[in-house]
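Novice: Input file: work.cif. Contents: mmCIF, C-alpha atoms.
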data_my_file
loop_
_atom_site.label_atom_id
_atom_site.label_comp_id
_atom_site.auth_asym_id
_atom_site.auth_seq_id
_atom_site.Cartn_x
_atom_site.Cartn_y
_atom_site.Cartn_z
CA MET S 1 18.80 5.78 7.21
CA ASP S 2 20.47 6.07 3.81
CA ALA S 3 20.76 9.26 1.73
CA PHE S 4 17.68 8.45 -0.35
CA GLU S 5 15.49 7.88 2.71
CA LEU S 6 16.81 11.05 4.31
CA LEU S 7 16.21 13.28 1.31
CA ALA S 8 13.00 11.77 -0.12
CA HIS S 9 10.80 13.44 2.48
CA PRO S 10 9.02 16.78 1.95
CA VAL S 11 9.88 18.35 5.32
CA ARG S 12 13.53 17.31 5.16
CA LEU S 13 13.78 18.62 1.58
CA ARG S 14 12.38 21.95 2.74
CA VAL S 15 14.97 22.10 5.52
CA VAL S 16 17.72 21.41 2.97
CA HIS S 17 16.39 24.18 0.70
CA ALA S 18 16.25 26.62 3.61
CA MET S 19 19.87 25.87 4.54
CA ARG S 20 21.29 26.43 1.02
CA GLY S 21 23.68 29.28 0.35
CA GLY S 22 25.98 28.79 3.32
CA ARG S 23 23.31 29.62 5.88
CA GLU S 24 23.74 28.72 9.52
CA LEU S 25 20.33 28.46 11.19
CA THR S 26 18.91 27.25 14.47
CA THR S 27 15.97 24.89 14.51
CA ALA S 28 13.83 27.76 15.84
CA GLU S 29 14.81 29.85 12.80
CA LEU S 30 13.89 26.93 10.54
CA CYS S 31 10.51 26.72 12.28
CA ASP S 32 9.96 30.41 11.43
CA ARG S 33 10.77 29.63 7.80
CA ILE S 34 8.57 26.50 7.61
CA ARG S 35 5.55 27.81 9.50
CA ASP S 36 3.00 25.37 8.08
CA VAL S 37 4.79 22.43 9.76
CA SER S 38 4.61 21.90 13.53
CA LYS S 39 7.71 22.81 15.55
CA ALA S 40 7.95 19.26 16.91
CA THR S 41 8.01 17.89 13.36
CA VAL S 42 10.71 20.34 12.22
CA TYR S 43 12.84 19.52 15.30
CA ARG S 44 12.48 15.77 14.61
CA HIS S 45 13.52 16.11 10.97
CA VAL S 46 16.45 18.40 11.79
CA ASP S 47 17.64 15.75 14.26
CA LEU S 48 17.36 13.08 11.54
CA LEU S 49 19.30 15.20 9.03
CA ALA S 50 22.00 15.90 11.63
CA ALA S 51 22.24 12.23 12.59
CA GLY S 52 22.50 11.33 8.89
CA GLY S 53 25.31 13.82 8.32
CA VAL S 54 23.35 16.11 5.97
CA LEU S 55 23.45 18.88 8.59
CA GLU S 56 26.34 19.59 10.91
CA VAL S 57 26.60 21.73 14.01
CA ALA S 58 28.31 25.01 13.13
CA LEU S 59 28.04 26.56 16.61
CA GLU S 60 26.76 25.61 20.05
CA ARG S 61 26.01 28.04 22.85
CA ARG S 62 24.01 28.19 26.06
CA VAL S 63 20.84 30.26 25.93
CA ARG S 64 18.75 30.49 29.11
CA GLY S 65 20.12 27.20 30.39
CA ALA S 66 19.55 25.27 27.15
CA VAL S 67 22.00 24.47 24.39
CA GLU S 68 21.26 26.28 21.12
CA ARG S 69 22.76 24.75 17.99
CA ARG S 70 23.31 26.54 14.70
CA TYR S 71 23.36 24.07 11.83
CA ARG S 72 24.85 24.28 8.37
CA LEU S 73 24.30 22.13 5.32
CA ARG S 74 26.96 19.69 4.19
CA ARG S 75 26.67 20.16 0.43
CA ASP S 76 28.56 16.92 -0.21
CA ARG S 77 25.82 14.99 1.65
CA ALA S 78 22.76 16.95 0.44
CA GLY S 79 22.19 14.96 -2.74
CA ILE S 80 21.82 11.48 -4.16
CA ASN S 81 24.93 10.05 -5.80
CA THR S 82 24.90 8.14 -9.08
CA ASP S 83 25.22 4.71 -7.45
CA THR S 84 22.20 5.36 -5.24
CA ALA S 85 20.19 6.77 -8.16
CA ASN S 86 21.00 3.66 -10.23
CA SER S 87 19.79 1.39 -7.41
CA LEU S 88 16.36 3.01 -6.99
CA SER S 89 13.25 1.04 -7.86
CA LEU S 90 10.34 2.50 -9.81
CA ASP S 91 8.45 2.82 -6.51
CA ASP S 92 11.43 4.74 -5.05
CA HIS S 93 11.26 7.14 -8.00
CA ARG S 94 7.50 7.47 -7.50
CA SER S 95 8.02 8.33 -3.81
CA ALA S 96 10.80 10.81 -4.54
CA PHE S 97 8.73 12.53 -7.22
CA ALA S 98 5.75 12.77 -4.84
CA ALA S 99 8.02 14.31 -2.20
CA ALA S 100 9.37 16.84 -4.71
CA LEU S 101 5.84 17.82 -5.77
CA ALA S 102 4.75 18.12 -2.13
CA VAL S 103 7.68 20.48 -1.50
CA LEU S 104 6.79 22.60 -4.54
CA THR S 105 3.15 22.84 -3.47
CA ALA S 106 4.01 23.69 0.14
CA GLU S 107 6.64 26.29 -0.77
CA PHE S 108 4.43 27.90 -3.42
CA THR S 109 1.50 28.04 -1.01
CA ALA S 110 3.74 29.62 1.65
CA TYR S 111 4.91 32.18 -0.93
CA LEU S 112 1.33 33.06 -1.97
CA ASP S 113 0.32 33.42 1.68
CA ARG S 114 2.83 36.25 2.17
CA ASP S 115 1.43 39.78 2.14
CA THR S 116 4.17 40.76 -0.31
CA ALA S 117 3.51 37.99 -2.87
CA ASP S 118 3.50 39.37 -6.41
CA PRO S 119 3.95 36.55 -8.95
CA VAL S 120 4.33 38.91 -11.93
CA ALA S 121 6.88 41.23 -10.29
CA ASP S 122 8.73 38.24 -8.80
CA LEU S 123 8.95 36.60 -12.26
CA VAL S 124 7.31 33.43 -10.96
CA GLY S 125 7.28 30.72 -13.60
CA TYR S 126 5.53 27.39 -13.95
CA ARG S 127 5.13 26.74 -17.65
CA GLN S 128 5.55 23.30 -19.07
CA HIS S 129 6.90 22.49 -22.52
CA ALA S 130 6.69 19.24 -24.46
CA VAL S 131 9.69 18.90 -26.79
CA TRP S 132 10.97 16.12 -29.04
CA LEU S 133 14.65 15.42 -28.32
CA SER S 134 17.17 12.89 -29.56
CA PRO S 135 19.41 11.37 -26.85
CA GLY S 136 22.17 13.79 -27.85
CA GLU S 137 19.83 16.77 -27.75
CA LEU S 138 18.53 15.68 -24.33
CA HIS S 139 22.06 15.43 -22.91
CA GLY S 140 22.92 18.81 -24.45
CA MET S 141 19.85 20.43 -22.91
CA ILE S 142 20.61 18.93 -19.47
CA ASP S 143 24.23 20.10 -19.72
CA GLY S 144 23.00 23.58 -20.68
CA MET S 145 20.66 23.72 -17.67
CA ARG S 146 23.47 22.59 -15.38
CA GLU S 147 25.79 25.25 -16.81
CA ALA S 148 23.13 27.90 -16.24
CA ILE S 149 22.23 26.85 -12.67
CA ALA S 150 25.44 25.43 -11.13
CA PRO S 151 27.37 28.72 -10.82
CA HIS S 152 24.56 30.13 -8.65
CA LEU S 153 24.26 27.23 -6.21
CA ALA S 154 27.00 28.61 -3.95
CA ASN S 155 25.48 32.12 -3.80
CA GLU S 156 25.07 33.26 -0.22
CA PRO S 157 22.17 35.36 1.08
CA SER S 158 22.61 39.12 0.70
CA PRO S 159 20.34 42.18 0.80
CA ASP S 160 20.04 42.20 -3.00
CA ARG S 161 19.29 38.46 -3.38
CA THR S 162 15.97 36.65 -3.09
CA GLN S 163 16.04 32.88 -2.71
CA TYR S 164 14.27 31.14 -5.61
CA LEU S 165 13.31 27.48 -5.80
CA ILE S 166 14.25 26.08 -9.22
CA SER S 167 12.94 22.61 -9.98
CA PRO S 168 13.87 21.23 -13.39
CA ILE S 169 11.65 18.18 -13.87
CA LEU S 170 11.85 16.17 -17.05
CA PHE S 171 10.68 12.75 -18.12
CA PRO S 172 9.53 11.15 -21.38
CA VAL S 173 5.79 11.42 -21.98
CA GLU S 174 5.70 9.71 -25.37
CA ALA S 175 7.90 7.21 -27.17
CA PRO S 176 9.53 8.12 -30.50
CA PRO S 177 7.15 7.83 -33.46
CA THR S 178 7.43 4.57 -35.34
CA GLU S 179 6.95 6.07 -38.80
CA THR S 180 9.13 8.62 -40.53
CA GLY S 181 7.79 11.93 -41.71
CA THR S 182 5.49 12.39 -38.72
CA ASP S 183 4.41 15.99 -38.29
CA ASN S 184 6.01 17.18 -35.06
CA THR S 185 5.29 20.87 -35.44
CA ALA S 186 3.77 21.21 -31.97
CA THR S 187 7.07 20.95 -30.16
CA GLY S 188 6.56 23.71 -27.64
CA SER S 189 3.13 23.28 -26.09
CA GLN S 190 2.71 25.22 -22.89
CA SER S 191 0.44 25.02 -19.90
CA PRO S 192 -1.91 27.94 -19.47
CA GLY S 193 -0.82 30.56 -16.99
CA PRO S 194 0.51 34.08 -16.86
CA CYS S 195 4.02 33.15 -15.93
CA SER S 196 6.96 31.73 -17.81
#
If you took the structure in this file and wrote it as structure tokens, what would it be?
Specialist:
Amino acid sequence: MDAFELLAHPVRLRVVHAMRGGRELTTAELCDRIRDVSKATVYRHVDLLAAGGVLEVALERRVRGAVERRYRLRRDRAGINTDTANSLSLDDHRSAFAAALAVLTAEFTAYLDRDTADPVADLVGYRQHAVWLSPGELHGMIDGMREAIAPHLANEPSPDRTQYLISPILFPVEAPPTETGTDNTATGSQSPGPCS
């Protein structure tokens, strides 16, 4: 199974998210984290990620006669490289997008199901903005997002840190206007909702 096939699956993506930040977790601990998925399914997907080199065994020990493995994420294998991205078909992109949306829905539902869920206090955000960008402006915005997010990707869990799922999604929804002087004043439309 190639990197795209490994990572374009909702359960495997959730395992990857759970392992971020230098965590070393057993499959049982992952099952506790991903409670809406059966244990057998989580075990199967952890095995696939380990076989594909996305997870590696950090520690093995015997527990009540069985071997318990603690896994860690191989950050160098937990993404799609440029060559793979360039080789994807439109249907591959459609499948990957559907997997990403399934992960967002499942993780958000799991969050809301917690007794402690407080979207306002937790600064939950899900607004959408429609903006007109030139190619240079688009690249500048992407670079700015990378500069804002990248330094935090290596953060490890600590008592003062909560793990947040950040999902920048962008794609063109309308082609450039064909006539000059078009009124583009509505450049920041937002979806309704209390959160930013």
Novice: Identify which of the residues S:Cys31, S:Leu123, S:Ala18, S:Leu170 lies closest to S:Pro157, counting all atoms listed in the file when measuring atom-to-atom distances.
Specialist: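 Ranked by minimum distance to S:Pro157, first place goes to S:Ala18.
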Novice: Choose the residue, out of S:Ala58, S:Ala148, S:Ile142, S:Leu165, that has the smallest atom-to-atom separation from S:Val16; count all atoms listed in the file.
Specialist: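 Ranking S:Ala58, S:Ala148, S:Ile142, S:Leu165 by distance to S:Val16, first place goes to S:Leu165.
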Novice: Running the PyMOL selection byres ((chain S and resi 105) around 12) on this model by hand, what would come out? Give it as a PyMOL selection string.
Specialist: chain S and resi 10-11+14+36+98-104+106-112+126+165+167
Novice: Restricted to C-alpha atoms, what would the selected residues look like written as a PDB file, in the frame of the given file?
Specialist:
ATOM      1  CA  PRO S  10       9.020  16.780   1.950  1.00  0.00           C
ATOM      2  CA  VAL S  11       9.880  18.350   5.320  1.00  0.00           C
ATOM      3  CA  ARG S  14      12.380  21.950   2.740  1.00  0.00           C
ATOM      4  CA  ASP S  36       3.000  25.370   8.080  1.00  0.00           C
ATOM      5  CA  ALA S  98       5.750  12.770  -4.840  1.00  0.00           C
ATOM      6  CA  ALA S  99       8.020  14.310  -2.200  1.00  0.00           C
ATOM      7  CA  ALA S 100       9.370  16.840  -4.710  1.00  0.00           C
ATOM      8  CA  LEU S 101       5.840  17.820  -5.770  1.00  0.00           C
ATOM      9  CA  ALA S 102       4.750  18.120  -2.130  1.00  0.00           C
ATOM     10  CA  VAL S 103       7.680  20.480  -1.500  1.00  0.00           C
ATOM     11  CA  LEU S 104       6.790  22.600  -4.540  1.00  0.00           C
ATOM     12  CA  ALA S 106       4.010  23.690   0.140  1.00  0.00           C
ATOM     13  CA  GLU S 107       6.640  26.290  -0.770  1.00  0.00           C
ATOM     14  CA  PHE S 108       4.430  27.900  -3.420  1.00  0.00           C
ATOM     15  CA  THR S 109       1.500  28.040  -1.010  1.00  0.00           C
ATOM     16  CA  ALA S 110       3.740  29.620   1.650  1.00  0.00           C
ATOM     17  CA  TYR S 111       4.910  32.180  -0.930  1.00  0.00           C
ATOM     18  CA  LEU S 112       1.330  33.060  -1.970  1.00  0.00           C
ATOM     19  CA  TYR S 126       5.530  27.390 -13.950  1.00  0.00           C
ATOM     20  CA  LEU S 165      13.310  27.480  -5.800  1.00  0.00           C
ATOM     21  CA  SER S 167      12.940  22.610  -9.980  1.00  0.00           C
TER      22      SER S 167
END
Novice: Have a look at atom CA of S:Arg62 and atom CA of S:Tyr43 and let me know their distance in Å, one decimal.
Specialist: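 These atoms are spaced 17.8 Å apart.
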Novice: To one decimal place in Å, what is the distance between atom CA of S:Asp2 and atom CA of S:Gly52?
Specialist: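 Atom-to-atom, atom CA of S:Asp2 and atom CA of S:Gly52 are spaced 7.6 Å apart.
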Novice: Please enumerate the residues selected by the PyMOL selection byres ((chain S and resi 4) around 10) when evaluated against the supplied file, formatted as a PyMOL selection string.
Specialist: chain S and resi 1-3+5-9+78-81+84-85+88+92+96
Novice: What does the structure give for the distance between atom CA of S:Arg44 and atom CA of S:Val15, in Å to one decimal?
Specialist: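 Taking atom CA of S:Arg44 as the start and atom CA of S:Val15 as the end point, the length is 11.4 Å.
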Novice: Using all atoms listed in the file for the distances, tell me which of S:Gly125, S:Arg35, S:Arg70, S:Val63 is nearest to S:Met19.
Specialist: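 Among the listed residues, the smallest separation from S:Met19 belongs to S:Arg70.
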Novice: Need the shell around S:Arg20: protein/DNA/RNA residues with any atom at most 10 Å away, counting all atoms listed in the file. Skip same-chain ones fewer than 6 positions apart. Format as a list in words?
Specialist: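 Answer for this query is Arg72, Leu73, Arg74, Arg75, Ala78, Leu153, Ala154, Asn155, Glu156, Pro157 and Gln163 of chain S.
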Novice: Can you list, as a list in words, the residues that the PyMOL selection byres ((chain S and resi 173) around 10) selects here?
Specialist: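 Selection result, ordered by chain and number: Ala130, Val131, Trp132, Leu170, Phe171, Pro172, Glu174, Ala175 and Pro176 of chain S.
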Novice: For S:Tyr164, please output as an NGL selection string all residues within 10 Å (counting only C-alpha atoms; exclusion window: fewer than 2 positions along the same chain).
Specialist: :S and (17 or 122 or 124 or 161-162 or 166-167)
